Amino acid sequence: MFHSAILPGPSEMSLLLDRLAQVSSRPRYAFMVLSLIAEVSDANGEAGPFVRRGAKQFTLRDFLCDSLAPMGGRDPRRIALAERVKSDLILEDRMPEDAAAAAALVEEEVRERVRASGKTNLSRAVSELVGAGLLRRYYKGFAVDHENRGGQRHAVYVPQGLACCLLPQRQVAPPPRPARKVPVQGELRFG
């Protein structure tokens with residue numbers, strides 16, 4: 001005999017997925033972006049402007065782009081990009097003789113190009129999420145008078161609304177016990 005669970009209504013996660021399907025041109029990508037943001041959020045639910053992984057520190061946008069890059073690793077366009085990079089390096093006479101060094105240089109150049117195009121995809125997804133009320137975006141850093149609104153500033157993303165269900169459920173610390181009053185001379189301590 002099978003038992004079925006009776007749920008009171010749709011879960012927050014299913015509501016979030018439904019909302020993403022309605023508002024995003026790429027809902028799976030948007031979900032991955034939200035999940036990564038939630039993963040690196042601090043106790044206040046804010047992600048960025050920097051993310052530390054091991055001994056390295058990245059801007060939030062670079063971290064997100066690098067984390068999402070493996071999703072397109074088998075894409076024929078990525079393979080074609082690697083071939084174009086090899087051709088470009090040969091034409092520019094920058095290709096090392098050593099095969100291992102050449103492979104490393106091609107990989108680094110591909111990574112940089114993928115990161116640059118990934119930032120465009122990320123910006124589109126974040127703008128959709130902000131418009132849907134699932135994410136708040138602001139900037140921290142040195143503000144300069146620049147036509148680019150983010151000039152020398154770095155993005156901070158904060159999950160909002162239904163997206164908060166992705167944030168880790170943090171343990172709430174019990175309130176601290178009131179400190180015992182230290183007796184002073186002339187007082188008797190009972191207890």
# chains A, B, ... in the order shown; residues from 1 in each chain; ligands from 1
>>> select_by_dssp(residues="segment 13-70 of chain A", states="helix (DSSP H, G or I)", output="MDAnalysis selection string")
chainID A and resid 13:23 27:39 60:70
>>> write_last_selection(atoms="N, CA and C atoms", output="CSV table (one decimal), in the first residue's frame")
chain,number,residue,atom,x,y,z
A,13,MET,N,9.3,26.7,-2.7
A,13,MET,CA,10.1,26.4,-3.8
A,13,MET,C,9.3,26.2,-5.1
A,14,SER,N,8.2,25.5,-5.0
A,14,SER,CA,7.4,25.4,-6.2
A,14,SER,C,6.8,26.7,-6.7
A,15,LEU,N,6.4,27.6,-5.8
A,15,LEU,CA,6.0,28.9,-6.1
A,15,LEU,C,7.1,29.7,-6.8
A,16,LEU,N,8.3,29.6,-6.3
A,16,LEU,CA,9.4,30.3,-6.9
A,16,LEU,C,9.7,29.8,-8.3
A,17,LEU,N,9.7,28.5,-8.5
A,17,LEU,CA,9.9,27.9,-9.8
A,17,LEU,C,8.8,28.4,-10.8
A,18,ASP,N,7.5,28.4,-10.3
A,18,ASP,CA,6.4,28.9,-11.2
A,18,ASP,C,6.7,30.4,-11.5
A,19,ARG,N,7.1,31.2,-10.6
A,19,ARG,CA,7.3,32.6,-10.8
A,19,ARG,C,8.5,32.8,-11.8
A,20,LEU,N,9.5,32.0,-11.7
A,20,LEU,CA,10.6,32.1,-12.6
A,20,LEU,C,10.2,31.7,-14.1
A,21,ALA,N,9.3,30.7,-14.2
A,21,ALA,CA,8.8,30.3,-15.5
A,21,ALA,C,8.0,31.4,-16.1
A,22,GLN,N,7.4,32.2,-15.3
A,22,GLN,CA,6.6,33.4,-15.8
A,22,GLN,C,7.4,34.6,-16.2
A,23,VAL,N,8.5,34.9,-15.5
A,23,VAL,CA,9.1,36.2,-15.7
A,23,VAL,C,10.5,36.1,-16.4
A,27,PRO,N,14.5,30.4,-17.4
A,27,PRO,CA,14.2,30.2,-16.0
A,27,PRO,C,15.2,29.2,-15.3
A,28,ARG,N,15.7,28.3,-16.0
A,28,ARG,CA,16.7,27.4,-15.4
A,28,ARG,C,18.0,28.1,-15.1
A,29,TYR,N,18.4,29.0,-16.0
A,29,TYR,CA,19.6,29.8,-15.8
A,29,TYR,C,19.4,30.7,-14.6
A,30,ALA,N,18.2,31.4,-14.6
A,30,ALA,CA,17.8,32.3,-13.5
A,30,ALA,C,17.8,31.6,-12.1
A,31,PHE,N,17.3,30.4,-12.1
A,31,PHE,CA,17.3,29.6,-10.9
A,31,PHE,C,18.7,29.3,-10.4
A,32,MET,N,19.6,28.9,-11.4
A,32,MET,CA,21.0,28.7,-11.0
A,32,MET,C,21.7,29.9,-10.4
A,33,VAL,N,21.4,31.1,-11.0
A,33,VAL,CA,21.9,32.4,-10.6
A,33,VAL,C,21.4,32.6,-9.1
A,34,LEU,N,20.1,32.5,-8.9
A,34,LEU,CA,19.6,32.7,-7.6
A,34,LEU,C,20.2,31.8,-6.5
A,35,SER,N,20.4,30.5,-6.9
A,35,SER,CA,20.9,29.5,-6.0
A,35,SER,C,22.3,29.8,-5.6
A,36,LEU,N,23.2,30.3,-6.6
A,36,LEU,CA,24.5,30.6,-6.3
A,36,LEU,C,24.6,31.9,-5.4
A,37,ILE,N,23.7,32.8,-5.7
A,37,ILE,CA,23.7,34.1,-4.9
A,37,ILE,C,23.3,33.7,-3.4
A,38,ALA,N,22.3,32.8,-3.3
A,38,ALA,CA,21.9,32.4,-1.9
A,38,ALA,C,23.0,31.7,-1.2
A,39,GLU,N,23.8,30.9,-2.0
A,39,GLU,CA,24.9,30.1,-1.4
A,39,GLU,C,25.9,31.0,-0.8
A,60,LEU,N,31.7,39.5,-7.0
A,60,LEU,CA,30.5,38.6,-7.1
A,60,LEU,C,30.2,38.2,-8.5
A,61,ARG,N,30.2,39.2,-9.4
A,61,ARG,CA,29.9,38.9,-10.8
A,61,ARG,C,30.9,37.9,-11.4
A,62,ASP,N,32.2,38.1,-11.2
A,62,ASP,CA,33.2,37.1,-11.7
A,62,ASP,C,32.9,35.7,-11.1
A,63,PHE,N,32.7,35.7,-9.8
A,63,PHE,CA,32.4,34.4,-9.2
A,63,PHE,C,31.2,33.7,-9.9
A,64,LEU,N,30.1,34.5,-10.1
A,64,LEU,CA,28.9,33.9,-10.7
A,64,LEU,C,29.2,33.4,-12.1
A,65,CYS,N,29.9,34.2,-12.9
A,65,CYS,CA,30.2,33.8,-14.3
A,65,CYS,C,31.1,32.6,-14.3
A,66,ASP,N,32.1,32.6,-13.5
A,66,ASP,CA,33.0,31.4,-13.4
A,66,ASP,C,32.3,30.1,-12.9
A,67,SER,N,31.4,30.3,-12.0
A,67,SER,CA,30.6,29.2,-11.5
A,67,SER,C,29.6,28.6,-12.5
A,68,LEU,N,29.1,29.5,-13.4
A,68,LEU,CA,28.1,29.0,-14.4
A,68,LEU,C,28.8,28.6,-15.7
A,69,ALA,N,30.1,28.9,-15.9
A,69,ALA,CA,30.8,28.6,-17.1
A,69,ALA,C,30.8,27.1,-17.5
A,70,PRO,N,31.0,26.2,-16.5
A,70,PRO,CA,31.0,24.8,-16.9
A,70,PRO,C,29.7,24.3,-17.5
>>> residues_around(residues="Phe50 of chain A", least_positions_apart="6", cutoff="8 Å", atoms="only C-alpha atoms", output="list in words")
Gln57, Phe58, Thr59 and Leu60 of chain A
>>> atom_distance(atom1="atom CA of Ala132 of chain A", atom2="atom CA of Tyr157 of chain A")
13.9 Å
>>> closest_residue(among="A:Ala155, A:Leu135, A:Val106, A:Leu89", to="Lys119 of chain A", atoms="only C-alpha atoms")
A:Ala155
>>> atom_distance(atom1="atom CA of Pro168 of chain A", atom2="atom CA of Arg26 of chain A")
24.0 Å
>>> atom_distance(atom1="atom CA of Gly9 of chain A", atom2="atom CA of Leu129 of chain A")
24.2 Å
>>> select_by_dssp(residues="segment 1-67 of chain A", states="strand (DSSP E or B)", output="JSON, numbers by chain")
{"A": [47, 50, 51, 52, 53, 56, 57, 58, 59]}
>>> write_last_selection(atoms="N, CA, C and O atoms", output="tab-separated table (two decimals), in the first residue's frame")
chain	number	residue	atom	x	y	z
A	47	ALA	N	24.73	39.13	-0.87
A	47	ALA	CA	25.86	38.49	-1.54
A	47	ALA	C	26.70	39.57	-2.21
A	47	ALA	O	26.18	40.37	-2.97
A	50	PHE	N	32.29	41.01	-2.73
A	50	PHE	CA	33.37	40.06	-2.99
A	50	PHE	C	33.01	38.70	-2.40
A	50	PHE	O	32.28	38.60	-1.42
A	51	VAL	N	33.55	37.66	-3.03
A	51	VAL	CA	33.36	36.28	-2.59
A	51	VAL	C	34.73	35.67	-2.43
A	51	VAL	O	35.57	35.78	-3.34
A	52	ARG	N	34.98	35.06	-1.30
A	52	ARG	CA	36.27	34.40	-1.06
A	52	ARG	C	36.09	32.90	-1.23
A	52	ARG	O	35.19	32.30	-0.66
A	53	ARG	N	36.96	32.32	-2.05
A	53	ARG	CA	37.01	30.86	-2.22
A	53	ARG	C	38.45	30.44	-2.01
A	53	ARG	O	39.32	30.76	-2.81
A	56	LYS	N	41.62	32.79	-2.64
A	56	LYS	CA	41.34	33.77	-3.68
A	56	LYS	C	40.06	34.54	-3.36
A	56	LYS	O	39.13	34.02	-2.75
A	57	GLN	N	40.05	35.78	-3.82
A	57	GLN	CA	38.87	36.64	-3.66
A	57	GLN	C	38.44	37.10	-5.05
A	57	GLN	O	39.26	37.50	-5.86
A	58	PHE	N	37.14	37.04	-5.32
A	58	PHE	CA	36.59	37.41	-6.62
A	58	PHE	C	35.49	38.44	-6.41
A	58	PHE	O	34.86	38.45	-5.35
A	59	THR	N	35.23	39.25	-7.44
A	59	THR	CA	34.01	40.06	-7.37
A	59	THR	C	32.85	39.09	-7.51
A	59	THR	O	33.00	37.99	-8.08
